[in-house]
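Here is the structure we will look at.
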Amino acid sequence: MGEKCNKRAVGSAYEKIVGEYLGRQNYQILEYNFRCRIGEIDLIAKEGGYLVFIEVKYRDSEKRGNPLEAVTRKKQRIISKVASYYCVTHGYGEETPCRFDVAAVLGEKITVIKNAFEYQG
């Protein structure tokens, strides 16, 4: 259990770092770690007229692969379902433009891929 707690603490720390970085890129952070019974989304923000759901992936090196490759189809489906739940429970209608970004942290470098994947229904 200690390793899982430690991973969660490391993940939370990098989510805060990415949130601050995105704030400087004109993202308005609405939520950190939105959770429901379906799953979780690391960051939810508004940017450029979009409601943005952001998955944060961290690697200290590329030994375990590039963090951008870590958002699998299964993870995309979960994020999509959680995003739908968030929209319904927070009063966002179907007309709300949404997108899914991935923020990868590799060592000290942050890379953000806007519209990294489409909604996976």
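Scheme for the structure tokens: letters A, B, ... for chains in order shown; per-chain residue numbers from 1; ligand numbers from 1 in order shown.
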
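By chain and then residue number, the residues within 7 Å of Glu31 (chain A) are A:Leu43, A:Ile44, A:Ala45, counting only C-alpha atoms and disregarding those fewer than 4 positions away in sequence.
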
9 Å contact set for Phe100 (chain A), only C-alpha atoms, chain neighbours under 2 positions out, as an NGL selection string: :A and (51-55 or 76 or 79-80 or 98 or 102 or 113-119)

Strand (DSSP E or B) positions in chain A, given as number ranges by chain: A: 28-35, 40-47, 50-59, 98-106, 109-117

Just write the chosen residues, C-alpha atoms, as an mmCIF file, in the first residue's frame.
```cif
data_model
loop_
_atom_site.group_PDB
_atom_site.id
_atom_site.type_symbol
_atom_site.label_atom_id
_atom_site.label_comp_id
_atom_site.auth_asym_id
_atom_site.auth_seq_id
_atom_site.Cartn_x
_atom_site.Cartn_y
_atom_site.Cartn_z
ATOM 1 C CA GLN A 28 -8.347 28.391 -16.113
ATOM 2 C CA ILE A 29 -8.070 25.357 -13.848
ATOM 3 C CA LEU A 30 -11.490 24.346 -12.492
ATOM 4 C CA GLU A 31 -10.700 21.030 -10.778
ATOM 5 C CA TYR A 32 -7.792 18.875 -9.708
ATOM 6 C CA ASN A 33 -8.395 15.110 -9.467
ATOM 7 C CA PHE A 34 -12.094 14.983 -10.236
ATOM 8 C CA ARG A 35 -13.255 11.542 -9.106
ATOM 9 C CA GLU A 40 -10.916 10.134 -12.431
ATOM 10 C CA ILE A 41 -9.651 13.029 -14.505
ATOM 11 C CA ASP A 42 -6.418 14.709 -13.428
ATOM 12 C CA LEU A 43 -7.300 18.291 -14.401
ATOM 13 C CA ILE A 44 -10.376 20.050 -15.731
ATOM 14 C CA ALA A 45 -9.998 23.528 -17.147
ATOM 15 C CA LYS A 46 -11.386 26.133 -19.504
ATOM 16 C CA GLU A 47 -9.253 27.363 -22.365
ATOM 17 C CA TYR A 50 -13.369 24.861 -24.537
ATOM 18 C CA LEU A 51 -14.019 22.792 -21.465
ATOM 19 C CA VAL A 52 -10.781 20.776 -21.344
ATOM 20 C CA PHE A 53 -10.189 17.413 -19.691
ATOM 21 C CA ILE A 54 -6.474 16.860 -19.129
ATOM 22 C CA GLU A 55 -4.635 13.633 -18.398
ATOM 23 C CA VAL A 56 -1.215 14.152 -16.808
ATOM 24 C CA LYS A 57 1.489 11.531 -17.326
ATOM 25 C CA TYR A 58 4.921 11.642 -15.698
ATOM 26 C CA ARG A 59 8.138 9.735 -16.360
ATOM 27 C CA CYS A 98 -15.011 19.990 -25.066
ATOM 28 C CA ARG A 99 -11.606 18.550 -25.823
ATOM 29 C CA PHE A 100 -9.147 16.098 -24.347
ATOM 30 C CA ASP A 101 -5.541 17.167 -23.791
ATOM 31 C CA VAL A 102 -2.600 15.148 -22.543
ATOM 32 C CA ALA A 103 0.174 16.797 -20.547
ATOM 33 C CA ALA A 104 3.372 14.766 -20.460
ATOM 34 C CA VAL A 105 6.127 15.465 -17.976
ATOM 35 C CA LEU A 106 9.447 13.880 -18.938
ATOM 36 C CA LYS A 109 10.081 19.099 -19.573
ATOM 37 C CA ILE A 110 6.298 19.575 -19.955
ATOM 38 C CA THR A 111 4.655 18.877 -23.313
ATOM 39 C CA VAL A 112 0.952 19.529 -23.841
ATOM 40 C CA ILE A 113 -0.890 17.896 -26.722
ATOM 41 C CA LYS A 114 -4.153 19.736 -27.337
ATOM 42 C CA ASN A 115 -7.019 17.595 -28.636
ATOM 43 C CA ALA A 116 -4.869 14.495 -28.081
ATOM 44 C CA PHE A 117 -7.824 12.170 -28.655
#
```

Within 9 Å of Cys36 (chain A) using only C-alpha atoms, minus same-chain residues under 3 positions, as a PyMOL selection string: chain A and resi 39-40+82+85-86

Interatomic distance, CA of Gly91 (chain A) to CA of Ile17 (chain A) (Å, one decimal):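 It comes out at 28.1 Å.
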
Per-residue DSSP, chain A, filtered to alpha helix (DSSP H), as a ChimeraX atom specification: /A:2-24,73-89
